[in-house]
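Dropping input_10.tsv in here (TSV, C-alpha atoms and all ligand atoms):
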chain	number	residue	atom	x	y	z
P	27	MET	CA	126.55	29.22	149.24
P	28	ARG	CA	128.56	29.47	152.45
P	29	ARG	CA	129.86	32.93	153.29
P	30	GLN	CA	133.55	32.05	153.45
P	31	LEU	CA	133.32	30.32	150.05
P	32	LYS	CA	131.63	33.40	148.61
P	33	ARG	CA	134.39	35.51	150.10
P	34	LEU	CA	137.05	33.28	148.54
P	35	LEU	CA	135.38	33.52	145.12
P	36	SER	CA	135.15	37.28	145.49
P	37	GLN	CA	138.86	37.51	146.38
P	38	LEU	CA	139.87	35.23	143.47
P	39	LEU	CA	137.73	37.25	141.06
P	40	SER	CA	139.41	40.39	142.34
P	41	VAL	CA	142.88	38.91	141.70
P	42	GLY	CA	141.75	37.98	138.18
P	43	ILE	CA	140.43	41.47	137.48
P	44	ALA	CA	143.57	43.08	138.95
P	45	ASN	CA	145.65	41.09	136.42
P	46	LEU	CA	143.49	41.70	133.34
P	47	GLY	CA	146.49	43.57	131.92
P	48	ALA	CA	147.69	40.11	130.85
P	49	SER	CA	145.03	40.26	128.10
P	50	GLY	CA	146.23	43.69	126.99
P	51	ILE	CA	143.66	45.73	128.93
P	52	LYS	CA	145.09	48.83	130.65
P	53	THR	CA	142.48	51.09	132.21
P	54	GLY	CA	144.54	53.95	133.61
P	55	LEU	CA	142.21	53.79	136.62
P	56	CYS	CA	143.16	53.18	140.24
P	57	TYR	CA	142.57	49.98	142.24
P	58	PRO	CA	140.34	50.36	145.32
P	59	PHE	CA	142.61	47.83	147.08
P	60	PHE	CA	146.32	47.17	147.51
P	61	TYR	CA	147.91	46.08	144.25
P	62	CYS	CA	150.92	47.40	142.37
P	63	HIS	CA	150.92	49.14	138.99
P	64	SER	CA	154.41	47.77	138.35
P	65	CYS	CA	152.96	44.26	138.12
P	66	PRO	CA	153.44	43.29	134.44
P	67	TYR	CA	149.76	42.29	134.29
P	68	ALA	CA	148.31	45.22	136.24
P	69	VAL	CA	145.11	46.65	134.81
P	70	ALA	CA	145.10	49.77	137.01
P	71	GLY	CA	147.28	51.89	139.29
P	72	CYS	CA	148.08	51.57	142.99
P	73	PRO	CA	146.09	54.04	145.13
P	74	LEU	CA	149.09	54.60	147.40
P	75	GLY	CA	151.42	55.16	144.44
P	76	THR	CA	148.91	57.69	143.08
P	77	ILE	CA	148.90	59.57	146.40
P	78	GLU	CA	152.71	59.58	146.34
P	79	HIS	CA	152.61	61.10	142.84
P	80	ALA	CA	150.21	63.76	144.10
P	81	PHE	CA	152.83	64.98	146.59
P	82	TYR	CA	155.94	64.30	144.52
P	83	LYS	CA	158.78	66.69	145.41
P	84	GLY	CA	156.61	69.54	146.58
P	85	LYS	CA	154.45	69.72	143.45
P	86	ILE	CA	151.11	69.10	145.13
P	87	SER	CA	148.32	67.91	142.84
P	88	ILE	CA	144.97	68.05	144.64
P	89	PRO	CA	143.04	66.17	141.86
P	90	LEU	CA	145.63	63.35	141.89
P	91	PHE	CA	145.35	63.15	145.69
P	92	LEU	CA	141.56	63.27	145.77
P	93	TYR	CA	141.10	60.69	143.01
P	94	PRO	CA	142.19	57.55	144.94
P	95	VAL	CA	141.19	58.97	148.32
P	96	LEU	CA	137.61	59.70	147.22
P	97	ILE	CA	137.28	56.25	145.63
P	98	ILE	CA	138.35	54.63	148.91
P	99	ILE	CA	136.19	56.95	151.02
P	100	ALA	CA	133.14	56.36	148.81
P	101	ILE	CA	133.42	52.56	149.03
P	102	ALA	CA	134.47	52.40	152.68
P	103	SER	CA	131.72	54.82	153.74
P	104	ILE	CA	129.23	52.24	152.57
P	105	PHE	CA	130.99	48.92	153.15
P	106	GLY	CA	133.62	49.78	155.78
P	107	ARG	CA	136.76	47.68	155.42
P	108	ALA	CA	134.96	44.99	153.45
P	109	ILE	CA	137.45	45.84	150.69
P	110	CYS	CA	140.09	44.25	152.94
P	111	GLY	CA	137.99	41.23	153.76
P	112	TRP	CA	136.41	40.56	150.39
P	113	LEU	CA	138.52	42.09	147.60
P	114	CYS	CA	142.16	42.86	148.38
P	115	PRO	CA	144.60	40.35	146.80
P	116	ILE	CA	147.05	40.92	149.64
P	117	GLY	CA	144.27	40.02	152.04
P	118	LEU	CA	143.82	36.79	150.06
P	119	LEU	CA	147.55	36.10	150.31
P	120	GLN	CA	147.36	36.49	154.09
P	121	ARG	CA	144.24	34.37	154.24
P	122	ALA	CA	146.38	31.61	152.74
P	123	THR	CA	149.33	32.15	155.10
P	124	SER	CA	147.03	32.40	158.13
P	125	ARG	CA	146.57	28.63	157.99
P	126	PHE	CA	150.24	28.41	158.87
P	127	SER	CA	150.42	31.33	161.33
P	128	ARG	CA	147.49	29.91	163.34
P	129	LYS	CA	149.04	26.48	163.74
P	130	ASN	CA	152.69	27.48	164.03
P	131	LYS	CA	154.04	27.00	167.56
P	132	LEU	CA	156.65	29.75	167.22
P	133	SER	CA	154.03	32.33	166.27
P	134	LYS	CA	151.88	31.25	169.22
P	135	ARG	CA	154.86	31.67	171.56
P	136	ILE	CA	155.71	35.10	170.11
P	137	SER	CA	152.07	36.16	170.38
P	138	GLU	CA	151.88	35.08	174.03
P	139	LYS	CA	155.09	36.95	174.89
P	140	VAL	CA	154.02	40.27	173.36
P	141	PRO	CA	151.66	42.09	175.76
P	142	GLN	CA	148.27	43.07	174.36
P	143	THR	CA	149.00	46.76	175.06
P	144	VAL	CA	152.08	46.56	172.82
P	145	LYS	CA	150.07	44.84	170.08
P	146	ASN	CA	147.41	47.53	170.32
P	147	LYS	CA	150.02	50.29	170.06
P	148	LEU	CA	151.68	48.57	167.08
P	149	ARG	CA	148.44	48.96	165.17
P	150	TYR	CA	149.13	52.71	165.00
P	151	VAL	CA	152.26	52.09	162.88
P	152	LYS	CA	150.07	51.80	159.78
P	153	TYR	CA	148.81	55.36	160.30
P	154	ILE	CA	152.41	56.58	160.65
P	155	ASN	CA	153.29	54.71	157.45
P	156	LEU	CA	150.44	56.41	155.62
P	157	ILE	CA	151.34	59.92	156.72
P	158	LEU	CA	155.14	59.60	156.77
P	159	LEU	CA	155.92	57.27	153.88
P	160	VAL	CA	153.05	57.94	151.49
P	161	ILE	CA	152.50	61.69	151.98
P	162	ILE	CA	155.40	63.49	153.75
P	163	THR	CA	158.41	61.58	152.32
P	164	PRO	CA	157.37	61.92	148.65
P	165	HIS	CA	156.66	65.61	149.30
P	166	LEU	CA	160.09	66.29	150.85
P	167	ILE	CA	162.39	63.75	149.20
P	168	GLY	CA	160.67	61.74	146.45
P	169	PHE	CA	159.35	58.22	146.14
P	170	MET	CA	160.16	56.01	149.08
P	171	PHE	CA	157.22	53.75	149.82
P	172	THR	CA	156.93	52.66	146.19
P	173	ASP	CA	160.61	51.72	146.16
P	174	ILE	CA	160.51	49.64	149.32
P	175	CYS	CA	156.91	48.35	149.21
P	176	PRO	CA	156.86	44.58	149.79
P	177	VAL	CA	153.70	44.23	147.70
P	178	GLY	CA	155.42	45.99	144.79
P	179	PHE	CA	158.38	43.65	145.27
P	180	LEU	CA	156.10	40.60	145.23
P	181	VAL	CA	153.89	41.42	142.25
P	182	GLY	CA	156.22	43.81	140.40
P	183	THR	CA	159.93	43.29	140.96
P	184	ILE	CA	159.91	39.49	141.18
P	185	PRO	CA	157.81	38.78	138.05
P	186	ILE	CA	159.59	41.53	136.07
P	187	SER	CA	162.99	40.08	136.98
P	188	ILE	CA	161.79	36.61	135.91
P	189	LEU	CA	160.20	37.81	132.66
P	190	ASN	CA	163.30	39.88	131.82
P	191	TYR	CA	165.81	37.38	133.07
P	192	GLY	CA	169.34	38.55	132.27
P	193	GLU	CA	168.22	42.10	131.43
P	194	PHE	CA	166.70	43.19	134.76
P	195	VAL	CA	168.70	46.04	136.33
P	196	PRO	CA	167.81	46.56	140.02
P	197	ASN	CA	167.57	50.14	141.28
P	198	THR	CA	169.52	51.42	144.31
P	199	PHE	CA	166.67	50.54	146.70
P	200	PHE	CA	166.67	46.90	145.63
P	201	PRO	CA	168.67	45.51	148.63
P	202	ILE	CA	166.47	47.41	151.14
P	203	ALA	CA	163.31	46.32	149.31
P	204	ALA	CA	164.50	42.70	149.33
P	205	VAL	CA	165.09	42.81	153.11
P	206	ILE	CA	161.67	44.41	153.72
P	207	PHE	CA	160.06	41.81	151.49
P	208	ALA	CA	161.73	39.01	153.47
P	209	LEU	CA	160.47	40.58	156.72
P	210	PHE	CA	156.99	40.90	155.20
P	211	ILE	CA	156.96	37.18	154.34
P	212	ILE	CA	158.14	36.24	157.85
P	213	LEU	CA	155.53	38.56	159.36
P	214	ILE	CA	152.58	37.10	157.49
P	215	PHE	CA	153.69	33.58	158.39
P	216	VAL	CA	154.06	34.29	162.11
P	217	SER	CA	151.26	36.82	162.66
P	218	GLU	CA	147.83	36.30	161.16
P	219	ARG	CA	147.19	39.23	158.83
P	220	GLY	CA	150.19	40.92	160.43
P	221	TRP	CA	150.62	43.29	157.48
P	222	CYS	CA	146.97	44.39	157.63
P	223	ARG	CA	146.93	44.72	161.41
P	224	TYR	CA	150.10	46.74	161.84
P	225	PHE	CA	151.60	48.17	158.66
P	226	CYS	CA	149.29	48.63	155.68
P	227	PRO	CA	148.86	52.34	154.85
P	228	LEU	CA	145.76	51.62	152.77
P	229	GLY	CA	144.19	49.82	155.70
P	230	ALA	CA	144.97	52.96	157.71
P	231	LEU	CA	143.08	55.07	155.20
P	232	MET	CA	140.02	52.83	155.42
P	233	ALA	CA	140.05	51.99	159.14
P	234	PRO	CA	138.49	55.22	160.52
P	235	LEU	CA	135.62	54.87	158.03
P	236	ASN	CA	134.46	51.76	159.89
P	237	LYS	CA	133.20	54.20	162.51
P	238	ILE	CA	130.68	55.75	160.15
P	239	SER	CA	130.13	53.13	157.44
P	240	LEU	CA	126.59	52.23	156.43
P	241	ILE	CA	127.31	48.50	156.81
P	242	HIS	CA	129.18	47.18	159.84
P	243	VAL	CA	129.38	44.19	162.16
P	244	SER	CA	127.35	44.51	165.31
P	245	VAL	CA	127.29	42.48	168.56
P	246	ASP	CA	124.34	42.28	170.94
P	247	LYS	CA	126.60	42.40	174.02
P	248	ASP	CA	123.84	41.85	176.56
P	249	LYS	CA	123.21	38.32	175.30
P	250	CYS	CA	126.89	37.28	175.17
P	251	ILE	CA	127.85	34.15	177.11
P	252	HIS	CA	131.60	34.93	176.80
P	253	CYS	CA	132.49	31.68	175.09
P	254	ASN	CA	135.21	33.55	173.13
P	255	LYS	CA	134.57	31.57	169.95
P	256	CYS	CA	134.35	34.81	167.96
P	257	VAL	CA	137.71	35.99	169.31
P	258	GLU	CA	139.36	32.70	168.38
P	259	VAL	CA	138.35	32.93	164.72
P	260	CYS	CA	138.81	36.66	164.17
P	261	PRO	CA	141.69	37.14	161.69
P	262	MET	CA	142.27	40.69	162.90
P	263	GLY	CA	142.68	39.79	166.57
P	264	ILE	CA	139.72	41.88	167.71
P	265	ASP	CA	138.08	41.59	171.11
P	266	VAL	CA	134.82	40.91	169.29
P	267	PRO	CA	132.32	40.74	172.22
P	268	ASN	CA	133.41	44.20	173.32
P	269	MET	CA	133.87	45.84	169.95
P	270	HIS	CA	131.83	48.71	168.70
P	271	ARG	CA	132.55	49.56	165.08
P	272	SER	CA	136.18	48.47	165.42
P	273	PRO	CA	138.45	50.19	162.87
P	274	GLU	CA	140.19	46.83	162.52
P	275	CYS	CA	137.14	44.83	161.42
P	276	ILE	CA	137.36	43.65	157.80
P	277	LEU	CA	133.76	42.37	157.75
P	278	CYS	CA	134.86	38.83	156.95
P	279	GLY	CA	131.88	37.42	158.86
P	280	LYS	CA	133.78	34.59	160.53
P	281	CYS	CA	132.61	35.65	163.99
P	282	ILE	CA	129.00	35.71	162.76
P	283	GLU	CA	129.27	32.07	161.72
P	284	VAL	CA	130.66	30.70	164.98
P	285	CYS	CA	128.64	32.59	167.56
P	286	PRO	CA	126.42	29.97	169.29
P	287	LYS	CA	123.98	32.67	170.44
P	288	LYS	CA	123.69	34.21	166.94
P	289	ILE	CA	124.12	37.68	168.39
P	290	ILE	CA	126.67	38.93	165.84
P	291	SER	CA	125.39	40.20	162.53
P	292	TYR	CA	125.94	42.57	159.66
P	293	LYS	CA	124.00	45.71	160.37
P	294	VAL	CA	122.90	48.43	157.99
P	295	GLY	CA	122.72	51.92	159.43
P	296	ARG	CA	123.57	53.10	162.92
I	1	LIG	S1	144.89	46.20	155.18
I	1	LIG	FE1	145.93	46.61	153.22
I	1	LIG	S2	146.81	44.66	152.56
I	1	LIG	FE2	145.34	44.23	154.19
I	1	LIG	S3	143.51	43.71	153.07
I	1	LIG	FE3	143.38	45.89	153.59
I	1	LIG	S4	144.23	46.99	151.81
I	1	LIG	FE4	144.80	44.82	151.63
I	2	LIG	S1	135.15	41.07	164.06
I	2	LIG	FE1	134.20	39.39	162.89
I	2	LIG	S2	133.83	40.26	160.87
I	2	LIG	FE2	135.28	41.62	161.90
I	2	LIG	S3	137.28	40.89	161.28
I	2	LIG	FE3	136.81	39.84	163.19
I	2	LIG	S4	135.83	37.92	162.58
I	2	LIG	FE4	135.83	39.26	160.78
I	3	LIG	S1	130.78	33.90	170.09
I	3	LIG	FE1	128.93	35.05	170.61
I	3	LIG	S2	128.44	34.37	172.66
I	3	LIG	FE2	130.53	33.72	172.30
I	3	LIG	S3	131.79	35.41	173.10
I	3	LIG	FE3	131.44	35.84	170.94
I	3	LIG	S4	129.64	37.18	170.93
I	3	LIG	FE4	129.70	36.19	172.92
Written form, structure tokens:
Amino acid sequence: MRRQLKRLLSQLLSVGIANLGASGIKTGLCYPFFYCHSCPYAVAGCPLGTIEHAFYKGKISIPLFLYPVLIIIAIASIFGRAICGWLCPIGLLQRATSRFSRKNKLSKRISEKVPQTVKNKLRYVKYINLILLVIITPHLIGFMFTDICPVGFLVGTIPISILNYGEFVPNTFFPIAAVIFALFIILIFVSERGWCRYFCPLGALMAPLNKISLIHVSVDKDKCIHCNKCVEVCPMGIDVPNMHRSPECILCGKCIEVCPKKIISYKVGR
């Protein structure tokens, strides 16, 4: 079976498992990917929401912090950011919208106008989001990320408001969350995997582990003919021929498939 089809099946299976709550199953566990516990059909909890709880209003709970973090570290130490490429439902959503963002003329124009250095710097925003919104803000003020999270709005607020039509009472953050959600939708339609590249705090938690993961994508640079085919297909906008264990790589394998010299491969070990 072709790799991208396998990846699609894996992502769809993951969405199905994430929503097993529809059949009454509630595990009390934590997802290893980005999905919201406020989804009416959620079978587990959001790892970011769990970290927020661990720091809630100065009452630090080390076990609650370590629980999602160690799950992510354990998986990403072996598979790198394959969670993003093969499992995360929000990755699947952006896989769908990338068909539009790749062809859209406006997004091409925006992409050409923004210098590469700016794009590279923007990628650090996700680390700021992780530290500021998921750890420091809950510690000092209370929940913030959970209240404004566009993923929570998509899979939690929207279905809940539909299922409880007429009874749904929005909280005070609702207008801000709605604006952020609208920006999120625009972003993923104009920038391929824009949320993953620039803003996702969970991606930020996994990204450094690409540097040490057992499995990673490797390029035999000496044999490269600089055709750039790998760069053209990479959903994360990576300079593939020059990458070495890029923190941005989601191990999707698209570059492996298009390289005419067959010099890109999954590698196990160093
Ligand atoms: S970066 Fe975040 S949203 Fe994107 S695939 Fe990874 S966990 Fe999911
Ligand atoms: S470098 Fe290759 S495997 Fe990694 S994200 Fe880009 S296309 Fe996918
Ligand atoms: S597709 Fe292969 S040969 Fe072409 S630039 Fe990428 S690594 Fe080099």
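Between atom FE3 of ligand LIG 2 (chain I) and CA of Val177 (chain P) lies a distance of 23.3 Å.
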Could you list, as a list in words, all residues that come within 7 Å of ligand LIG 1 (chain I)? Count all atoms listed in the file.
Phe59, Phe60, Ile109, Cys110, Gly111, Cys114, Pro115, Ile116, Gly117, Trp221, Cys222, Arg223, Cys226, Pro227, Leu228 and Gly229 of chain P
The residues within 12 Å of (156.6, 37.0, 141.2), using only C-alpha atoms and the coordinates of the file, should be reported as an MDAnalysis selection string; which are they?
chainID P and resid 62 64:67 176:190 207
With only C-alpha atoms as the counted atoms, please give the residues lying no more than 8 Å from Ile104 (chain P), apart from itself and same-chain residues fewer than 2 positions off, as a VMD selection string.
chain P and resid 100 to 102 106 239 to 241
Throw together the list of residues within 7 Å of ligand LIG 3 (chain I), counting only C-alpha atoms and all ligand atoms, and drop it here as a list in words.
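So, counting only C-alpha atoms and all ligand atoms, the residues near ligand LIG 3 (chain I) are Val245, Lys247, Cys250, Ile251, His252, Cys253, Asn254, Lys255, Cys256, Val257, Val266, Pro267, Cys281, Val284, Cys285, Pro286, Lys287, Lys288, Ile289 and Ile290 of chain P.
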Surroundings of ligand LIG 2 (chain I) up to 7 Å, based on all atoms listed in the file, as a list in words:
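Final answer, ordered by chain and number: Val243, Cys256, Val259, Cys260, Pro261, Met262, Gly263, Ile264, Val266, Glu274, Cys275, Ile276, Leu277, Cys278, Gly279, Lys280, Cys281 and Ile282 of chain P.
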Using only C-alpha atoms, please write the residues we just selected to a file, as a CSV table (one decimal), in the coordinates of the input.
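Okay, part_21.csv is ready:
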chain,number,residue,atom,x,y,z
P,243,VAL,CA,129.4,44.2,162.2
P,256,CYS,CA,134.4,34.8,168.0
P,259,VAL,CA,138.4,32.9,164.7
P,260,CYS,CA,138.8,36.7,164.2
P,261,PRO,CA,141.7,37.1,161.7
P,262,MET,CA,142.3,40.7,162.9
P,263,GLY,CA,142.7,39.8,166.6
P,264,ILE,CA,139.7,41.9,167.7
P,266,VAL,CA,134.8,40.9,169.3
P,274,GLU,CA,140.2,46.8,162.5
P,275,CYS,CA,137.1,44.8,161.4
P,276,ILE,CA,137.4,43.6,157.8
P,277,LEU,CA,133.8,42.4,157.8
P,278,CYS,CA,134.9,38.8,157.0
P,279,GLY,CA,131.9,37.4,158.9
P,280,LYS,CA,133.8,34.6,160.5
P,281,CYS,CA,132.6,35.6,164.0
P,282,ILE,CA,129.0,35.7,162.8
Expected residue set, 6 Å radius at (139.3, 53.0, 153.5), all atoms listed in the file, as a VMD selection string:
chain P and resid 98 to 99 102 231 to 233
Output for the residues just chosen: C-alpha atoms as a compact mmCIF listing (two decimals), keeping the file's coordinate frame:
# COMPACT_ATOMS: atom_id res chain seq x y z
CA ILE P 98 138.35 54.63 148.91
CA ILE P 99 136.19 56.95 151.02
CA ALA P 102 134.47 52.40 152.68
CA LEU P 231 143.08 55.07 155.20
CA MET P 232 140.02 52.83 155.42
CA ALA P 233 140.05 51.99 159.14
From the list P:Leu96, P:Ile51, P:Ala230, P:Ile238, the nearest residue to His270 (chain P) using only C-alpha atoms is P:Ile238
